[in-house]
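Trainee: Pasting a structure below so you can have a look.
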Amino acid sequence: MPETWDYTLYIPNDLRAVTICRRTLRLILTLHGLIGLVDTAELLAAELVSNAVRHTKGPAALRVRLTPQGVVWIGAWDTDPAPPEPPCPLEQALESEEGRGLGLVGACADVWGWEPSARFGDRGKYVWCELGA
């Protein structure tokens with residue numbers, strides 16, 4: 001059974017936080033010996049966190065953990081409890097200037113989804129994805 005871990009980085013509603021999340025995630029995965037997942041995980045986290053920051057007005061958070069099943073779980077929490085818009089097909093999304101985020105997540109992650117959640121006393125949601133370690 002692999003060693004499990006769980007990190008959460010709380011961020012303000014600021015697009016610069018996306019870069020901070022990417023670099024933090026890179027460091028976490030590298031220090032835990034998961035360097036082979038870094039590039040894909042960074043892309044996924046950047047899409048999830050940028051959606052959280054762009055489409056809501058409150059704080060956000062990046063959460064990354066290794067589950068007992070050996071899966072890296074990446075989630076972005078935001079203050080909007082509404083479900084995310086369904087992704088458009090990746091072929092269509094690649095031709096668009098915006099709206100590609102969840103299409104990329106769906107194409108690159110093993111599985112993704114969303115769930116209601118609360119942080120800071122506010123209702124909100126986690127949009128998450130998983131990568132097999």
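To be explicit about the labels: the chains of the structure tokens are called A, B, and onward in the order shown, and within each one the residues are counted from 1, while ligands get numbers from 1 in the order they are shown.
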Sorted by chain and rising residue number, which residues of region 45-92 of chain A lie within 7 Å of region 16-39 of chain A, and what are their closest atom pairs and distances in Å to one decimal, counting only C-alpha atoms, as a Markdown table?
Mentor:
```
| residue | atom | partner | partner_atom | distance |
| --- | --- | --- | --- | --- |
| A:Ala45 | CA | A:Arg22 | CA | 6.6 |
| A:Ala46 | CA | A:Val18 | CA | 5.8 |
| A:Val49 | CA | A:Val18 | CA | 6.0 |
| A:Ser50 | CA | A:Val18 | CA | 6.0 |
| A:Leu62 | CA | A:Cys21 | CA | 6.8 |
```
Trainee: Please produce a file of the residues just selected, as a PDB file, in the first residue's frame, where the atoms kept are N, CA, C and O atoms.
Mentor:
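The result, written out as out_13.pdb:
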```pdb
ATOM      1  N   ALA A  45      -4.051  20.855 -13.405  1.00  0.00           N
ATOM      2  CA  ALA A  45      -4.234  21.789 -12.288  1.00  0.00           C
ATOM      3  C   ALA A  45      -4.421  23.212 -12.793  1.00  0.00           C
ATOM      4  O   ALA A  45      -5.268  23.951 -12.283  1.00  0.00           O
ATOM      5  N   ALA A  46      -3.644  23.598 -13.793  1.00  0.00           N
ATOM      6  CA  ALA A  46      -3.768  24.956 -14.333  1.00  0.00           C
ATOM      7  C   ALA A  46      -5.159  25.188 -14.915  1.00  0.00           C
ATOM      8  O   ALA A  46      -5.752  26.257 -14.725  1.00  0.00           O
ATOM      9  N   VAL A  49      -7.696  25.290 -11.822  1.00  0.00           N
ATOM     10  CA  VAL A  49      -7.540  26.485 -10.999  1.00  0.00           C
ATOM     11  C   VAL A  49      -7.900  27.738 -11.784  1.00  0.00           C
ATOM     12  O   VAL A  49      -8.554  28.641 -11.251  1.00  0.00           O
ATOM     13  N   SER A  50      -7.511  27.816 -13.045  1.00  0.00           N
ATOM     14  CA  SER A  50      -7.853  29.016 -13.817  1.00  0.00           C
ATOM     15  C   SER A  50      -9.368  29.136 -13.976  1.00  0.00           C
ATOM     16  O   SER A  50      -9.909  30.242 -13.905  1.00  0.00           O
ATOM     17  N   LEU A  62      -6.346  24.809  -4.349  1.00  0.00           N
ATOM     18  CA  LEU A  62      -5.866  23.635  -5.077  1.00  0.00           C
ATOM     19  C   LEU A  62      -5.623  22.556  -4.038  1.00  0.00           C
ATOM     20  O   LEU A  62      -4.968  22.792  -3.026  1.00  0.00           O
TER      21      LEU A  62
END
```
Trainee: At most 12 Å is the cut-off: for each residue in region 23-76 of chain A with any atom that close to an atom of region 101-115 of chain A, write down the nearest atom pair and the distance in Å rounded to one decimal, counting only C-alpha atoms, chain first then increasing number, as JSON lines.
Mentor:
```
{"residue": "A:Leu37", "atom": "CA", "partner": "A:Ala109", "partner_atom": "CA", "distance": 10.8}
{"residue": "A:Asp39", "atom": "CA", "partner": "A:Cys108", "partner_atom": "CA", "distance": 10.7}
{"residue": "A:Thr40", "atom": "CA", "partner": "A:Cys108", "partner_atom": "CA", "distance": 7.1}
{"residue": "A:Ala41", "atom": "CA", "partner": "A:Ala109", "partner_atom": "CA", "distance": 8.5}
{"residue": "A:Glu42", "atom": "CA", "partner": "A:Val105", "partner_atom": "CA", "distance": 10.9}
{"residue": "A:Leu43", "atom": "CA", "partner": "A:Val105", "partner_atom": "CA", "distance": 8.2}
{"residue": "A:Leu44", "atom": "CA", "partner": "A:Val105", "partner_atom": "CA", "distance": 5.7}
{"residue": "A:Ala45", "atom": "CA", "partner": "A:Val105", "partner_atom": "CA", "distance": 8.9}
{"residue": "A:Ala46", "atom": "CA", "partner": "A:Gly101", "partner_atom": "CA", "distance": 8.8}
{"residue": "A:Glu47", "atom": "CA", "partner": "A:Gly101", "partner_atom": "CA", "distance": 5.1}
{"residue": "A:Leu48", "atom": "CA", "partner": "A:Gly101", "partner_atom": "CA", "distance": 7.2}
{"residue": "A:Val49", "atom": "CA", "partner": "A:Gly101", "partner_atom": "CA", "distance": 9.9}
{"residue": "A:Ser50", "atom": "CA", "partner": "A:Gly101", "partner_atom": "CA", "distance": 8.6}
{"residue": "A:Asn51", "atom": "CA", "partner": "A:Gly101", "partner_atom": "CA", "distance": 7.5}
{"residue": "A:Ala52", "atom": "CA", "partner": "A:Gly101", "partner_atom": "CA", "distance": 11.0}
{"residue": "A:Arg54", "atom": "CA", "partner": "A:Gly101", "partner_atom": "CA", "distance": 11.6}
{"residue": "A:Val71", "atom": "CA", "partner": "A:Asp110", "partner_atom": "CA", "distance": 9.6}
{"residue": "A:Val72", "atom": "CA", "partner": "A:Asp110", "partner_atom": "CA", "distance": 10.1}
{"residue": "A:Trp73", "atom": "CA", "partner": "A:Trp112", "partner_atom": "CA", "distance": 9.3}
{"residue": "A:Ile74", "atom": "CA", "partner": "A:Trp112", "partner_atom": "CA", "distance": 9.3}
{"residue": "A:Gly75", "atom": "CA", "partner": "A:Trp114", "partner_atom": "CA", "distance": 8.7}
{"residue": "A:Ala76", "atom": "CA", "partner": "A:Trp114", "partner_atom": "CA", "distance": 9.4}
```
Trainee: Mind the document's chain letters and residue numbers, and return as a VMD selection string the residues of region 38-133 of chain A that DSSP labels strand (DSSP E or B).
Mentor: chain A and resid 60 to 66 71 to 78 111 to 119 122 to 132
Trainee: Could you state the separation of CA of Gly70 (chain A) and CA of Gly132 (chain A) in Å, given to one decimal place?
Mentor: 6.6 Å
